[in-house]
$ cat query-v3.cif   # mmCIF, C-alpha atoms and all ligand atoms
data_structure
loop_
_atom_site.label_atom_id
_atom_site.label_comp_id
_atom_site.auth_asym_id
_atom_site.auth_seq_id
_atom_site.Cartn_x
_atom_site.Cartn_y
_atom_site.Cartn_z
CA MET A 717 31.55 18.61 20.50
CA ALA A 718 28.92 20.03 22.87
CA GLY A 719 26.48 17.47 24.25
CA VAL A 720 28.32 14.39 22.94
CA PRO A 721 29.46 12.02 25.73
CA SER A 722 33.22 11.67 26.23
CA THR A 723 33.02 8.14 27.65
CA TYR A 724 31.56 4.88 26.37
CA ASP A 725 31.09 1.95 28.74
CA ALA A 726 30.47 -1.06 26.50
CA PRO A 727 33.31 -2.77 24.61
CA VAL A 728 33.61 -1.79 20.95
CA ARG A 729 34.67 -4.63 18.65
CA ILE A 730 34.79 -3.11 15.17
CA ALA A 731 36.77 -0.08 13.99
CA VAL A 732 37.09 1.81 10.74
CA ILE A 733 40.30 3.73 10.03
CA GLY A 734 39.62 6.44 7.49
CA GLY A 735 42.35 7.66 5.16
CA THR A 736 42.72 10.43 2.62
CA GLY A 737 39.34 12.02 1.91
CA ILE A 738 37.54 10.00 4.60
CA GLN A 739 38.03 12.00 7.80
CA ALA A 740 34.60 11.07 9.19
CA LEU A 741 31.68 8.67 8.64
CA ASP A 742 28.73 11.03 8.66
CA ASN A 743 25.83 8.70 8.05
CA PHE A 744 25.81 7.03 11.49
CA THR A 745 24.61 8.20 14.90
CA LEU A 746 27.42 9.67 16.99
CA ALA A 747 27.25 8.08 20.46
CA ALA A 748 30.52 9.38 21.97
CA THR A 749 33.81 11.08 21.16
CA LEU A 750 36.75 9.65 23.08
CA ASP A 751 40.16 11.19 23.77
CA VAL A 752 42.09 8.03 24.61
CA ASP A 753 45.59 8.38 26.05
CA THR A 754 47.94 5.43 25.58
CA PRO A 755 51.49 4.62 26.74
CA TRP A 756 52.44 5.43 23.12
CA GLY A 757 50.83 8.87 23.28
CA ALA A 758 47.58 10.16 21.81
CA PRO A 759 46.09 8.66 18.62
CA SER A 760 45.93 10.57 15.33
CA SER A 761 42.44 11.83 16.16
CA PRO A 762 39.75 11.52 18.81
CA ILE A 763 37.88 8.24 18.38
CA SER A 764 34.23 8.58 17.44
CA ILE A 765 31.89 5.85 18.60
CA LEU A 766 29.12 5.49 16.04
CA HIS A 767 25.96 3.46 16.37
CA HIS A 768 25.28 1.24 13.41
CA PRO A 769 21.92 -0.60 13.47
CA SER A 770 22.35 -4.37 12.93
CA PRO A 771 20.37 -5.33 9.78
CA THR A 772 19.12 -8.53 11.46
CA THR A 773 18.32 -7.49 15.04
CA GLY A 774 18.06 -3.69 14.65
CA LYS A 775 20.21 -3.39 17.79
CA PRO A 776 22.90 -0.69 17.54
CA THR A 777 26.41 -2.07 16.98
CA PRO A 778 29.08 0.36 18.21
CA ILE A 779 31.76 1.20 15.64
CA ALA A 780 34.97 3.08 16.47
CA PHE A 781 36.09 5.54 13.82
CA LEU A 782 39.58 7.05 13.70
CA SER A 783 41.02 9.45 11.13
CA ARG A 784 44.54 8.22 10.23
CA HIS A 785 46.00 11.60 9.20
CA GLY A 786 44.16 13.61 11.87
CA VAL A 787 40.86 15.45 11.76
CA HIS A 788 42.19 17.94 9.18
CA HIS A 789 44.71 15.65 7.42
CA GLU A 790 47.58 17.33 9.26
CA LEU A 791 49.75 14.21 9.75
CA ALA A 792 52.06 13.10 6.94
CA PRO A 793 52.28 9.32 6.36
CA HIS A 794 55.47 9.07 8.49
CA GLU A 795 53.84 11.12 11.27
CA VAL A 796 50.72 8.96 11.66
CA LYS A 797 50.43 7.79 15.30
CA ASN A 798 50.26 4.13 14.37
CA GLN A 799 51.22 2.66 17.76
CA ALA A 800 48.81 4.93 19.65
CA ASN A 801 46.04 4.34 17.10
CA ILE A 802 46.18 0.56 17.30
CA ALA A 803 46.81 0.51 21.07
CA ALA A 804 43.83 2.83 21.72
CA LEU A 805 41.54 0.71 19.55
CA ARG A 806 42.58 -2.54 21.25
CA HIS A 807 42.13 -0.91 24.66
CA LEU A 808 38.50 -0.09 23.73
CA GLY A 809 37.97 -3.78 22.88
CA VAL A 810 38.39 -3.58 19.10
CA ARG A 811 39.30 -6.89 17.45
CA THR A 812 38.42 -6.11 13.81
CA ILE A 813 39.66 -3.18 11.74
CA ILE A 814 38.51 -2.15 8.29
CA ALA A 815 41.06 0.36 7.02
CA PHE A 816 40.51 2.58 4.04
CA SER A 817 43.21 3.90 1.70
CA ALA A 818 43.59 6.00 -1.45
CA VAL A 819 46.12 4.21 -3.69
CA GLY A 820 47.93 4.62 -6.97
CA SER A 821 47.30 1.94 -9.58
CA LEU A 822 50.27 0.05 -11.00
CA GLN A 823 48.18 -1.89 -13.53
CA GLU A 824 46.18 -0.68 -16.53
CA GLU A 825 43.12 -2.74 -15.60
CA ILE A 826 42.87 -1.16 -12.13
CA ARG A 827 41.26 2.11 -13.14
CA PRO A 828 40.89 5.22 -10.98
CA ARG A 829 37.84 4.78 -8.70
CA ASP A 830 38.14 0.96 -8.79
CA PHE A 831 38.31 -0.77 -5.41
CA VAL A 832 40.94 -3.37 -4.53
CA VAL A 833 40.95 -5.76 -1.57
CA PRO A 834 44.70 -6.49 -1.36
CA ASP A 835 46.07 -9.80 -0.10
CA GLN A 836 49.81 -9.07 0.00
CA ILE A 837 52.16 -6.19 0.82
CA ILE A 838 55.76 -5.32 0.01
CA ASP A 839 57.31 -3.05 2.62
CA ARG A 840 59.10 -0.10 1.05
CA THR A 841 58.97 2.10 4.15
CA LYS A 842 62.40 3.15 5.38
CA GLY A 843 62.40 2.05 9.02
CA ILE A 844 61.84 5.59 10.32
CA ARG A 845 58.32 4.89 11.63
CA PRO A 846 57.87 3.20 15.01
CA PHE A 847 56.74 -0.28 13.90
CA THR A 848 56.36 -2.60 16.89
CA PHE A 849 54.99 -2.83 20.43
CA PHE A 850 57.73 -5.33 21.31
CA GLU A 851 61.01 -3.55 22.09
CA GLY A 852 62.98 -2.11 25.02
CA GLY A 853 63.39 -5.43 26.81
CA MET A 854 60.49 -7.53 25.53
CA VAL A 855 61.11 -9.28 22.22
CA GLY A 856 58.16 -10.55 20.18
CA HIS A 857 57.94 -12.15 16.75
CA VAL A 858 54.58 -12.65 15.12
CA GLY A 859 53.70 -14.34 11.81
CA PHE A 860 52.95 -11.95 8.95
CA GLY A 861 52.95 -14.32 5.95
CA ASP A 862 49.42 -13.20 5.19
CA PRO A 863 49.43 -9.53 6.17
CA PHE A 864 45.65 -9.26 5.98
CA ASP A 865 43.03 -11.39 7.70
CA ASN A 866 41.98 -13.93 5.07
CA SER A 867 38.57 -14.76 6.55
CA LEU A 868 37.74 -11.08 7.08
CA ALA A 869 38.83 -10.42 3.48
CA LYS A 870 36.26 -12.95 2.22
CA ILE A 871 33.47 -11.02 3.94
CA VAL A 872 34.76 -7.70 2.58
CA ARG A 873 34.97 -9.08 -0.99
CA LYS A 874 31.43 -10.47 -0.78
CA CYS A 875 30.13 -7.05 0.31
CA GLY A 876 32.04 -5.29 -2.48
CA HIS A 877 30.66 -7.68 -5.09
CA SER A 878 27.12 -7.11 -3.82
CA LEU A 879 27.51 -3.45 -4.90
CA GLU A 880 28.99 -4.23 -8.31
CA GLY A 881 27.11 -2.90 -11.29
CA ASP A 882 25.89 -0.18 -8.99
CA GLY A 883 28.93 2.05 -9.42
CA VAL A 884 31.38 -0.23 -7.61
CA SER A 885 34.09 -2.10 -9.48
CA LEU A 886 36.13 -4.49 -7.35
CA HIS A 887 39.42 -6.35 -7.74
CA ASP A 888 39.47 -9.33 -5.39
CA LYS A 889 43.21 -9.48 -4.78
CA GLY A 890 46.27 -7.35 -5.19
CA LEU A 891 49.86 -6.81 -4.21
CA LEU A 892 50.08 -3.52 -2.33
CA ILE A 893 53.40 -1.67 -2.29
CA CYS A 894 53.72 0.49 0.81
CA MET A 895 56.29 3.22 0.19
CA GLU A 896 57.69 5.81 2.60
CA GLY A 897 56.72 9.09 0.95
CA PRO A 898 55.64 11.77 1.44
CA GLN A 899 57.06 12.39 -2.06
CA PHE A 900 55.55 10.16 -4.73
CA SER A 901 57.73 7.54 -6.50
CA THR A 902 60.23 8.13 -9.27
CA ARG A 903 59.32 6.69 -12.65
CA ALA A 904 62.11 4.10 -12.24
CA GLU A 905 60.63 3.00 -8.89
CA SER A 906 57.14 2.85 -10.35
CA HIS A 907 58.42 0.56 -13.16
CA LEU A 908 60.34 -1.54 -10.61
CA TYR A 909 57.16 -2.10 -8.57
CA ARG A 910 55.32 -3.13 -11.72
CA SER A 911 58.10 -5.62 -12.51
CA TRP A 912 57.55 -7.08 -9.03
CA GLY A 913 53.89 -7.64 -9.88
CA GLY A 914 52.65 -4.71 -7.78
CA SER A 915 48.97 -3.89 -8.20
CA VAL A 916 48.60 -0.71 -6.14
CA ILE A 917 50.75 1.64 -4.06
CA ASN A 918 50.19 3.72 -0.93
CA MET A 919 52.10 5.17 2.04
CA SER A 920 50.01 3.97 4.96
CA ALA A 921 49.37 0.22 5.12
CA LEU A 922 52.52 -0.23 7.20
CA PRO A 923 53.21 -0.33 10.05
CA GLU A 924 49.43 -0.12 10.64
CA ALA A 925 48.83 -3.72 9.52
CA LYS A 926 51.86 -5.04 11.45
CA LEU A 927 50.80 -3.37 14.67
CA ALA A 928 47.24 -4.65 14.25
CA ARG A 929 48.64 -8.19 13.91
CA GLU A 930 50.72 -7.71 17.09
CA ALA A 931 47.58 -6.43 18.83
CA GLU A 932 45.70 -9.62 17.77
CA ILE A 933 43.27 -7.58 15.70
CA GLY A 934 41.87 -8.89 12.40
CA TYR A 935 42.76 -6.26 9.80
CA GLN A 936 41.75 -5.71 6.18
CA MET A 937 42.44 -2.70 4.02
CA ILE A 938 40.05 -1.56 1.30
CA CYS A 939 41.91 0.42 -1.36
CA MET A 940 40.45 2.84 -3.85
CA ALA A 941 42.57 3.72 -6.87
CA THR A 942 42.91 7.46 -7.46
CA ASP A 943 45.65 7.63 -10.13
CA TYR A 944 48.12 5.65 -12.27
CA ASP A 945 51.14 6.82 -10.27
CA CYS A 946 53.78 7.89 -12.84
CA TRP A 947 54.62 4.70 -14.78
CA ARG A 948 52.55 5.59 -17.82
CA GLY A 949 54.90 8.47 -18.71
CA GLU A 950 53.62 10.31 -21.74
CA GLY A 951 50.59 8.00 -21.86
CA GLY A 952 48.96 9.90 -19.00
CA GLU A 953 49.33 12.56 -16.33
CA ASP A 954 51.57 11.79 -13.34
CA VAL A 955 49.92 11.50 -9.93
CA ASN A 956 49.32 14.70 -7.97
CA VAL A 957 47.29 15.51 -4.86
CA ALA A 958 44.52 17.32 -6.75
CA MET A 959 43.98 14.19 -8.85
CA VAL A 960 43.84 11.96 -5.76
CA MET A 961 41.40 14.27 -3.98
CA ALA A 962 39.16 14.70 -7.03
CA HIS A 963 38.71 10.94 -7.53
CA MET A 964 38.24 10.40 -3.81
CA LYS A 965 35.57 13.11 -3.67
CA ALA A 966 33.81 11.90 -6.80
CA ASN A 967 33.63 8.33 -5.51
CA SER A 968 33.27 8.97 -1.78
CA GLU A 969 29.62 7.95 -1.85
CA ASN A 970 30.59 4.50 -3.17
CA ALA A 971 33.38 4.25 -0.62
CA ARG A 972 30.88 4.97 2.15
CA ARG A 973 28.39 2.48 0.71
CA PHE A 974 31.12 -0.16 0.60
CA VAL A 975 32.14 0.46 4.22
CA GLY A 976 28.44 0.53 5.22
CA ALA A 977 27.82 -2.84 3.54
CA VAL A 978 30.80 -4.36 5.37
CA LEU A 979 29.56 -2.98 8.70
CA ASP A 980 26.07 -4.35 7.99
CA GLU A 981 27.53 -7.78 7.37
CA LEU A 982 29.91 -7.74 10.35
CA SER A 983 27.04 -6.70 12.64
CA LYS A 984 25.33 -10.04 11.98
CA GLU A 985 25.52 -12.55 14.83
CA GLU A 986 26.90 -15.25 12.53
CA HIS A 987 30.18 -13.28 12.34
CA GLU A 988 30.60 -12.86 16.09
CA GLN A 989 33.65 -15.14 16.39
CA GLN A 990 35.28 -13.50 13.39
CA VAL A 991 34.64 -10.01 14.72
CA LEU A 992 36.15 -11.05 18.08
CA ALA A 993 39.19 -12.39 16.17
CA LYS A 994 39.08 -15.56 18.24
CA HIS A 995 41.60 -17.09 15.82
CA LEU A 996 44.20 -14.51 16.95
CA GLU A 997 43.36 -14.39 20.65
CA GLY A 998 46.28 -15.09 22.97
CA GLN A 999 48.87 -15.50 20.19
CA MET A 1000 51.18 -12.83 21.60
CA LYS A 1001 51.55 -14.76 24.85
CA PHE A 1002 53.45 -17.35 22.86
CA SER A 1003 55.23 -15.00 20.45
CA THR A 1004 57.62 -13.52 22.97
CA SER A 1005 61.08 -14.88 23.62
CA THR A 1006 62.38 -12.77 26.52
CA TYR A 1007 62.88 -14.54 29.86
CA LYS A 1008 61.36 -12.85 32.92
CA GLU A 1009 64.84 -11.83 34.16
CA GLY A 1010 65.56 -9.86 30.97
CA ARG A 1011 62.33 -7.92 30.69
CA GLY A 1012 62.55 -4.12 30.63
CA LYS A 1013 60.43 -2.36 33.27
CA ALA A 1014 59.15 0.42 31.01
CA ALA A 1015 58.39 -2.04 28.19
CA MET A 1016 56.44 -4.27 30.57
CA GLU A 1017 54.38 -1.37 31.89
CA LYS A 1018 53.32 -0.49 28.35
CA LEU A 1019 52.64 -4.09 27.34
CA ASN A 1020 50.64 -4.79 30.51
CA TRP A 1021 48.39 -1.85 29.57
CA LEU A 1022 47.88 -3.34 26.11
CA PHE A 1023 47.62 -7.00 27.14
CA PRO A 1024 46.36 -7.09 30.75
CA GLY A 1025 47.25 -10.42 32.38
CA TYR A 1026 49.35 -11.77 29.47
CA PHE A 1027 52.85 -11.45 30.86
CA GLU A 1028 52.52 -11.99 34.65
C1 LIG B 1 47.14 12.38 -0.77
S1 LIG B 1 48.00 11.23 -1.76
C2 LIG B 1 49.04 10.24 -0.70
C3 LIG B 1 48.39 9.77 0.55
O1 LIG B 1 47.14 9.12 0.19
C4 LIG B 1 47.10 7.85 0.80
O2 LIG B 1 46.57 8.06 2.09
P1 LIG B 1 45.66 6.97 2.87
O3 LIG B 1 46.34 5.64 2.69
O4 LIG B 1 45.64 7.40 4.28
O5 LIG B 1 44.31 7.01 2.21
C5 LIG B 1 48.57 7.43 0.80
O6 LIG B 1 48.82 6.33 1.65
C6 LIG B 1 49.25 8.70 1.21
O7 LIG B 1 49.29 8.87 2.60
N1 LIG B 2 50.55 7.12 -6.57
C1 LIG B 2 50.51 7.01 -5.26
N2 LIG B 2 51.61 6.66 -4.54
C2 LIG B 2 51.56 6.53 -3.20
N3 LIG B 2 50.46 6.73 -2.49
C3 LIG B 2 49.34 7.07 -3.13
N4 LIG B 2 48.10 7.32 -2.69
C4 LIG B 2 47.34 7.63 -3.76
N5 LIG B 2 48.06 7.58 -4.90
C5 LIG B 2 49.32 7.23 -4.53
#

$ encode --input "query-v3.cif" --output "structure tokens" --more "lines below"
Ligand SMILES: CSC[C@H]1O[C@H](OP(=O)(O)O)[C@H](O)[C@@H]1O
Ligand SMILES: Nc1ncnc2[nH]cnc12
Amino acid sequence: MAGVPSTYDAPVRIAVIGGTGIQALDNFTLAATLDVDTPWGAPSSPISILHHPSPTTGKPTPIAFLSRHGVHHELAPHEVKNQANIAALRHLGVRTIIAFSAVGSLQEEIRPRDFVVPDQIIDRTKGIRPFTFFEGGMVGHVGFGDPFDNSLAKIVRKCGHSLEGDGVSLHDKGLLICMEGPQFSTRAESHLYRSWGGSVINMSALPEAKLAREAEIGYQMICMATDYDCWRGEGGEDVNVAMVMAHMKANSENARRFVGAVLDELSKEEHEQQVLAKHLEGQMKFSTSTYKEGRGKAAMEKLNWLFPGYFE
């Protein structure tokens, strides 16, 4: 865009990944648009650096915004540049990600336009998406028992509740099923996920959340229900894209308010350690099991870009 800087010198700690229907965050000041190149290629979209005024100090907090499916939603769920997205954000200094997703509801009480802050995931992707930074001669295993950042989740829930009664309805927890897609589920699959206790379903939490964990970034997804998938059968219309888009559009103002409230809260100094994900810092140094002699040259070049100084 003409006149917008293409570099940004200060580290950026917080990022928002926008999903279906949220290709931009318009209500903030655009400070820069970055085309970051990574050893895993280019991210899904240029990264916008937005200035968000801290509610306590008034100082602008930089926020990185990335559009998961591309600027025009041209990337299918299995084509999303997850490795490049997460690598680019970490390279800019990001240590906290708030990710947004349009989801199908697997439970009657989670109504379209309700928000869910999930706490668990079942992986139903098919292994066709690149899903790790640790391969090609550098083996790493990181804990993923809690796929989201529990302390970040508490902040997100508090912000969501502060908007309740004002158009926002929030479910504090939920089991998110991440399926491969791009086709929606069969009715049998939808019933199976319900029998597993699934709350909501999407196609994009993974490997995004796994890569964020490997990159030592605190990650929480905010889901907004847009449909009842197809499990209701004759009791309701099966999910389709028009339905998803219509609910997303109708409730986009609330989605933006929710994200705005979370950014307000995270910009407060009291959350500095959380935002820097100090509890995750350095964990990958101790999560690798490959001896120096066995390390692959190309793998090390990529990992040294992502984690300067970790694997000398
Ligand atoms: C357009 S319906 C399916 C599509 O919507 C969700 O996208 P996102 O998570 O990026 O909001 C779902 O994961 C699918 O990619
Ligand atoms: N029913 C559904 N299944 C998978 N992803 C979705 N995103 C929105 N609705 C969905």

$ closest_residue --input "query-v3.cif" --among "A:Ile730, A:Leu996, A:Ala740, A:Ile763" --to "His788 (chain A)" --atoms "all atoms listed in the file"
A:Ala740

$ residues_near_ligand --input "query-v3.cif" --ligand "ligand LIG 1 (chain B)" --cutoff "10 Å" --atoms "all atoms listed in the file" --output "ChimeraX atom specification"
/A:733-739,783-786,789,791-794,796,815-820,894-900,917-922,937-943,955-961,964

$ axis_aligned_box --input "query-v3.cif" --around "ligand LIG 2 (chain B)" --padding-each-side "5 Å" --output "JSON"
{"center_x": 49.5, "center_y": 7.1, "center_z": -4.5, "size_x": 14.3, "size_y": 11.1, "size_z": 14.1}

$ residues_around --input "query-v3.cif" --residues "Phe847 (chain A)" --least-positions-apart "6" --cutoff "9 Å" --atoms "all atoms listed in the file" --output "list in words"
Asn798, Gln799, Leu922, Pro923, Glu924, Lys926 and Leu927 of chain A

$ closest_residue --input "query-v3.cif" --among "A:Met1016, A:Val975, A:Pro1024, A:Pro721" --to "Gly998 (chain A)" --atoms "only C-alpha atoms"
A:Pro1024

$ residues_around --input "query-v3.cif" --residues "region 882-884 of chain A" --least-positions-apart "3" --cutoff "9 Å" --atoms "all atoms listed in the file" --output "list in words"
Arg829, Asp830, Phe831, Gly876, His877, Ser878, Leu879, Asn967, Asn970, Ala971 and Phe974 of chain A

$ write_last_selection --input "query-v3.cif" --atoms "C-alpha atoms" --output "PDB file, in the coordinates of the input"
ATOM      1  CA  ARG A 829      37.840   4.780  -8.700  1.00  0.00           C
ATOM      2  CA  ASP A 830      38.140   0.960  -8.790  1.00  0.00           C
ATOM      3  CA  PHE A 831      38.310  -0.770  -5.410  1.00  0.00           C
ATOM      4  CA  GLY A 876      32.040  -5.290  -2.480  1.00  0.00           C
ATOM      5  CA  HIS A 877      30.660  -7.680  -5.090  1.00  0.00           C
ATOM      6  CA  SER A 878      27.120  -7.110  -3.820  1.00  0.00           C
ATOM      7  CA  LEU A 879      27.510  -3.450  -4.900  1.00  0.00           C
ATOM      8  CA  ASN A 967      33.630   8.330  -5.510  1.00  0.00           C
ATOM      9  CA  ASN A 970      30.590   4.500  -3.170  1.00  0.00           C
ATOM     10  CA  ALA A 971      33.380   4.250  -0.620  1.00  0.00           C
ATOM     11  CA  PHE A 974      31.120  -0.160   0.600  1.00  0.00           C
TER      12      PHE A 974
END

$ atom_distance --input "query-v3.cif" --atom1 "CA of Lys984 (chain A)" --atom2 "CA of Ala747 (chain A)"
20.1 Å

$ residues_around --input "query-v3.cif" --residues "region 851-863 of chain A" --least-positions-apart "3" --cutoff "7 Å" --atoms "only C-alpha atoms" --output "PyMOL selection string"
chain A and resi 836-837+925+930+1003-1006+1010-1012+1015

$ closest_residue --input "query-v3.cif" --among "A:Cys946, A:Ala804, A:Val720, A:Met1000" --to "ligand LIG 2 (chain B)" --atoms "only C-alpha atoms and all ligand atoms"
A:Cys946
